[in-house]
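Shown next, in C-alpha cells, is the structure this report addresses.
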Amino acid sequence: MAERRPVDVEHMGARRPVDVEQREPRRPLDVEQQEPRRPLDVEQQEPRRPLDVAVGVLIDADGRFLLTSRPEGKVYAGHWEFPGGKLEAGETVEQALRRELHEELGITIGAAHPWQVEIVDYPHALVRLHFCKVFDWHGAFEMREGQRMAWQTLPVQVRPVLPGTIPVLRWFAAERHHAGATHVE
C-alpha cells in the first residue's frame with residue numbers, strides 16, 4: 001500500500017498541499033467536528049454560531065438589582081452589565097452561573113430562576129444570553145476582576161450601559177409598571 005503524504009503541486013497559480021492518492025487539495029480538519037473545515041467566511045455570508053452566556057440578575061430584598069462594570073482589558077471595558085459569563089463544555093446555565101458569580105464576585109448563589117433568553121449580535125461575537133433571577137446568595141461581595149458594582153433601580157444611574165443590558169431594563173420596566181426612561185444616556 002502506498003504511503004499517503006502531502007506534496008505541493010501547481011494549483012491555479014499557487015502551491016497548495018494535496019493528497020498524493022487523490023490529487024485533490026487537502027482541507028484543514030475541524031478537530032471538534034472531525035470533518036473538513038470550511039473556508040473562512042470573511043464576508044460574514046453565513047450566520048455566526050451564538051456563544052451561550054449565563055447571566056445573573058441578582059435582586060435584593062428592596063427590589064434593587066446588581067450591575068457590575070466590565071473590567072479593563074475586556075471588550076466594552078467600563079460598561080455596566082449584569083454579571084455572568086460563558087458556559088464551559090458540558091455545563092448547564094445554572095452551573096455556569098454559579099461558577100462565574102463565585103469567580104467574579106466571591107459569592108455563592110441559591111436557586112437560579114430562568115427568566116429570559118436574548119440573542120445579541122455584537123461586532124466581536126454573537127451571544128445568547130440566558131438571564132436568571134437570583135434572590136438568595138451568601139458571602140461577601142469581592143470584585144475579583146477589578147470591576148465595580150452598583151445596586152440600581154429604574155432608571156439606572158450608572159453609565160454607559162452595555163447594549164445587552166438594555167432589554168433586561170425594559171423587561172423590569174414592564175414587570176414593575178415603570179413608565180419613562182430605563183437608564184440615563
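Ligands are numbered from 1 in the order shown, chains are lettered A, B, ... in the order of the C-alpha cells, and residues start at 1 in each chain.
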
Per-residue DSSP, range 29-181 of chain A, filtered to helix (DSSP H, G or I), as a ChimeraX atom specification: /A:93-105,163-175

Would you save the residues from that selection as a PDB file, in the first residue's frame, using N, CA and C atoms?
```pdb
ATOM      1  N   VAL A  93     -26.735  26.099  32.318  1.00  0.00           N
ATOM      2  CA  VAL A  93     -26.757  27.534  32.588  1.00  0.00           C
ATOM      3  C   VAL A  93     -26.565  27.779  34.078  1.00  0.00           C
ATOM      4  N   GLU A  94     -27.262  27.026  34.917  1.00  0.00           N
ATOM      5  CA  GLU A  94     -27.152  27.239  36.367  1.00  0.00           C
ATOM      6  C   GLU A  94     -25.741  26.930  36.874  1.00  0.00           C
ATOM      7  N   GLN A  95     -25.130  25.862  36.390  1.00  0.00           N
ATOM      8  CA  GLN A  95     -23.766  25.540  36.805  1.00  0.00           C
ATOM      9  C   GLN A  95     -22.795  26.648  36.409  1.00  0.00           C
ATOM     10  N   ALA A  96     -22.927  27.141  35.178  1.00  0.00           N
ATOM     11  CA  ALA A  96     -22.051  28.213  34.714  1.00  0.00           C
ATOM     12  C   ALA A  96     -22.266  29.472  35.544  1.00  0.00           C
ATOM     13  N   LEU A  97     -23.516  29.773  35.861  1.00  0.00           N
ATOM     14  CA  LEU A  97     -23.810  30.966  36.647  1.00  0.00           C
ATOM     15  C   LEU A  97     -23.205  30.863  38.046  1.00  0.00           C
ATOM     16  N   ARG A  98     -23.353  29.711  38.674  1.00  0.00           N
ATOM     17  CA  ARG A  98     -22.752  29.504  39.999  1.00  0.00           C
ATOM     18  C   ARG A  98     -21.238  29.709  39.949  1.00  0.00           C
ATOM     19  N   ARG A  99     -20.601  29.103  38.969  1.00  0.00           N
ATOM     20  CA  ARG A  99     -19.141  29.203  38.831  1.00  0.00           C
ATOM     21  C   ARG A  99     -18.726  30.648  38.571  1.00  0.00           C
ATOM     22  N   GLU A 100     -19.366  31.298  37.608  1.00  0.00           N
ATOM     23  CA  GLU A 100     -18.989  32.654  37.231  1.00  0.00           C
ATOM     24  C   GLU A 100     -19.183  33.649  38.370  1.00  0.00           C
ATOM     25  N   LEU A 101     -20.307  33.564  39.091  1.00  0.00           N
ATOM     26  CA  LEU A 101     -20.547  34.527  40.164  1.00  0.00           C
ATOM     27  C   LEU A 101     -19.599  34.313  41.332  1.00  0.00           C
ATOM     28  N   HIS A 102     -19.197  33.070  41.533  1.00  0.00           N
ATOM     29  CA  HIS A 102     -18.194  32.821  42.573  1.00  0.00           C
ATOM     30  C   HIS A 102     -16.829  33.349  42.128  1.00  0.00           C
ATOM     31  N   GLU A 103     -16.455  33.078  40.872  1.00  0.00           N
ATOM     32  CA  GLU A 103     -15.163  33.532  40.359  1.00  0.00           C
ATOM     33  C   GLU A 103     -15.073  35.057  40.299  1.00  0.00           C
ATOM     34  N   GLU A 104     -16.139  35.719  39.853  1.00  0.00           N
ATOM     35  CA  GLU A 104     -16.115  37.165  39.649  1.00  0.00           C
ATOM     36  C   GLU A 104     -16.437  37.966  40.902  1.00  0.00           C
ATOM     37  N   LEU A 105     -17.408  37.471  41.695  1.00  0.00           N
ATOM     38  CA  LEU A 105     -17.921  38.268  42.815  1.00  0.00           C
ATOM     39  C   LEU A 105     -17.652  37.669  44.183  1.00  0.00           C
ATOM     40  N   PRO A 163     -25.031  47.274  25.694  1.00  0.00           N
ATOM     41  CA  PRO A 163     -26.236  47.065  24.888  1.00  0.00           C
ATOM     42  C   PRO A 163     -27.063  45.835  25.290  1.00  0.00           C
ATOM     43  N   GLY A 164     -26.423  44.750  25.693  1.00  0.00           N
ATOM     44  CA  GLY A 164     -27.149  43.543  26.095  1.00  0.00           C
ATOM     45  C   GLY A 164     -27.901  43.691  27.401  1.00  0.00           C
ATOM     46  N   THR A 165     -27.657  44.767  28.128  1.00  0.00           N
ATOM     47  CA  THR A 165     -28.336  45.031  29.396  1.00  0.00           C
ATOM     48  C   THR A 165     -29.669  45.751  29.173  1.00  0.00           C
ATOM     49  N   ILE A 166     -29.765  46.510  28.111  1.00  0.00           N
ATOM     50  CA  ILE A 166     -30.948  47.338  27.864  1.00  0.00           C
ATOM     51  C   ILE A 166     -32.246  46.527  27.767  1.00  0.00           C
ATOM     52  N   PRO A 167     -32.271  45.368  27.075  1.00  0.00           N
ATOM     53  CA  PRO A 167     -33.527  44.606  27.065  1.00  0.00           C
ATOM     54  C   PRO A 167     -33.979  44.201  28.470  1.00  0.00           C
ATOM     55  N   VAL A 168     -33.039  43.889  29.353  1.00  0.00           N
ATOM     56  CA  VAL A 168     -33.391  43.485  30.715  1.00  0.00           C
ATOM     57  C   VAL A 168     -34.055  44.650  31.440  1.00  0.00           C
ATOM     58  N   LEU A 169     -33.528  45.836  31.242  1.00  0.00           N
ATOM     59  CA  LEU A 169     -34.120  47.011  31.876  1.00  0.00           C
ATOM     60  C   LEU A 169     -35.548  47.233  31.374  1.00  0.00           C
ATOM     61  N   ARG A 170     -35.779  46.966  30.112  1.00  0.00           N
ATOM     62  CA  ARG A 170     -37.147  47.075  29.558  1.00  0.00           C
ATOM     63  C   ARG A 170     -38.066  46.015  30.173  1.00  0.00           C
ATOM     64  N   TRP A 171     -37.552  44.800  30.371  1.00  0.00           N
ATOM     65  CA  TRP A 171     -38.376  43.751  30.997  1.00  0.00           C
ATOM     66  C   TRP A 171     -38.727  44.139  32.424  1.00  0.00           C
ATOM     67  N   PHE A 172     -37.736  44.682  33.146  1.00  0.00           N
ATOM     68  CA  PHE A 172     -38.011  45.163  34.505  1.00  0.00           C
ATOM     69  C   PHE A 172     -39.080  46.248  34.476  1.00  0.00           C
ATOM     70  N   ALA A 173     -38.960  47.192  33.540  1.00  0.00           N
ATOM     71  CA  ALA A 173     -39.923  48.283  33.441  1.00  0.00           C
ATOM     72  C   ALA A 173     -41.337  47.740  33.228  1.00  0.00           C
ATOM     73  N   ALA A 174     -41.475  46.745  32.357  1.00  0.00           N
ATOM     74  CA  ALA A 174     -42.792  46.149  32.105  1.00  0.00           C
ATOM     75  C   ALA A 174     -43.323  45.443  33.345  1.00  0.00           C
ATOM     76  N   GLU A 175     -42.470  44.655  34.007  1.00  0.00           N
ATOM     77  CA  GLU A 175     -42.892  43.932  35.210  1.00  0.00           C
ATOM     78  C   GLU A 175     -43.282  44.875  36.342  1.00  0.00           C
TER      79      GLU A 175
END
```

List the spatial neighbours of Val75 in chain A as a compact mmCIF listing (two decimals) with C-alpha atoms, in the first residue's frame - criterion: any atom at most 12 Å away, only C-alpha atoms, same-chain residues fewer than 3 positions off excluded.
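result27.txt, freshly written:
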```txt
# COMPACT_ATOMS: atom_id res chain seq x y z
CA SER A 69 -18.75 47.21 35.33
CA ARG A 70 -16.75 45.30 32.74
CA PRO A 71 -13.09 45.16 33.81
CA GLU A 72 -10.20 46.79 31.99
CA GLY A 78 -16.23 50.21 31.83
CA HIS A 79 -19.72 49.44 30.54
CA TRP A 80 -22.28 48.31 33.13
CA TYR A 122 -22.08 42.39 18.98
CA PRO A 123 -19.38 43.21 16.40
CA HIS A 124 -16.98 40.80 18.16
CA ALA A 125 -19.44 37.97 18.94
CA LEU A 162 -23.82 47.56 27.84
```

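As for CA of Val55 in chain A and CA of Thr182 in chain A, they are spaced 19.0 Å apart.
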
Which of range 35-104 of chain A fall in strand (DSSP E), as a list in words: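 Taking range 35-104 of chain A and keeping strand (DSSP E) only, one gets Glu35, Pro36, Leu51, Asp52, Val53, Ala54, Val55, Gly56, Val57, Leu58, Phe65, Leu66, Leu67, Thr68, Ser69, Trp80, Glu81, Gly84, Gly85 and Lys86 of chain A.
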
Keeping C-alpha atoms for every residue in the selection just given, could you write it to a file as a PDB file, in the first residue's frame?
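Written output follows (result.pdb):
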```pdb
ATOM      1  CA  GLU A  35     -14.790  16.863   9.250  1.00  0.00           C
ATOM      2  CA  PRO A  36     -13.058  19.112   6.744  1.00  0.00           C
ATOM      3  CA  LEU A  51     -21.947  31.818  22.254  1.00  0.00           C
ATOM      4  CA  ASP A  52     -24.018  30.834  25.309  1.00  0.00           C
ATOM      5  CA  VAL A  53     -23.645  33.081  28.341  1.00  0.00           C
ATOM      6  CA  ALA A  54     -25.235  32.665  31.805  1.00  0.00           C
ATOM      7  CA  VAL A  55     -26.281  35.990  33.336  1.00  0.00           C
ATOM      8  CA  GLY A  56     -27.281  36.607  36.955  1.00  0.00           C
ATOM      9  CA  VAL A  57     -29.950  39.163  37.737  1.00  0.00           C
ATOM     10  CA  LEU A  58     -29.398  39.486  41.492  1.00  0.00           C
ATOM     11  CA  PHE A  65     -30.720  44.765  41.098  1.00  0.00           C
ATOM     12  CA  LEU A  66     -26.948  44.441  40.878  1.00  0.00           C
ATOM     13  CA  LEU A  67     -24.934  45.784  37.962  1.00  0.00           C
ATOM     14  CA  THR A  68     -21.170  45.421  37.609  1.00  0.00           C
ATOM     15  CA  SER A  69     -18.747  47.211  35.326  1.00  0.00           C
ATOM     16  CA  TRP A  80     -22.281  48.309  33.128  1.00  0.00           C
ATOM     17  CA  GLU A  81     -23.916  44.882  32.867  1.00  0.00           C
ATOM     18  CA  GLY A  84     -22.141  36.293  34.449  1.00  0.00           C
ATOM     19  CA  GLY A  85     -20.064  34.527  31.845  1.00  0.00           C
ATOM     20  CA  LYS A  86     -19.646  31.902  29.157  1.00  0.00           C
TER      21      LYS A  86
END
```

Who sits within 10 Å of Ala140 in chain A, only C-alpha atoms, same chain under 3 positions skipped, as a list in words: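 Neighbouring residues, sequence-local ones excluded: Leu105, Gly106, Ile107, Thr108, Trp137 and Met143 of chain A.
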
Closest of A:Cys132, A:Arg144, A:Gly110, A:Ala181 to Val156 in chain A - atom-to-atom distances counting only C-alpha atoms: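 Selected residue with least distance to Val156 in chain A: A:Ala181.
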
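Among A:Phe141, A:His130, A:Pro47, A:Asp62, the residue with the shortest atom-to-atom distance to Glu118 in chain A, counting only C-alpha atoms, is A:His130.
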
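What separates CA of Arg148 in chain A from CA of Val117 in chain A is a distance of 24.9 Å.
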
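The gap separating CA of His177 in chain A from CA of Gln152 in chain A is 16.3 Å, in Å to one decimal.
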
Please list as a PDB file with N, CA and C atoms, in the first residue's frame every residue within 7 Å of Pro50 in chain A, counting only C-alpha atoms and excluding residues in the same chain fewer than 4 positions away.
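As a result, out-v7.pdb now contains:
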```pdb
ATOM      1  N   LEU A 126     -21.548  36.911  18.523  1.00  0.00           N
ATOM      2  CA  LEU A 126     -22.992  36.712  18.624  1.00  0.00           C
ATOM      3  C   LEU A 126     -23.204  35.929  19.917  1.00  0.00           C
ATOM      4  N   VAL A 127     -23.968  36.487  20.858  1.00  0.00           N
ATOM      5  CA  VAL A 127     -24.137  35.836  22.154  1.00  0.00           C
ATOM      6  C   VAL A 127     -25.603  35.545  22.439  1.00  0.00           C
ATOM      7  N   ARG A 128     -25.835  34.390  23.041  1.00  0.00           N
ATOM      8  CA  ARG A 128     -27.168  34.018  23.526  1.00  0.00           C
ATOM      9  C   ARG A 128     -27.101  34.160  25.044  1.00  0.00           C
TER      10      ARG A 128
END
```
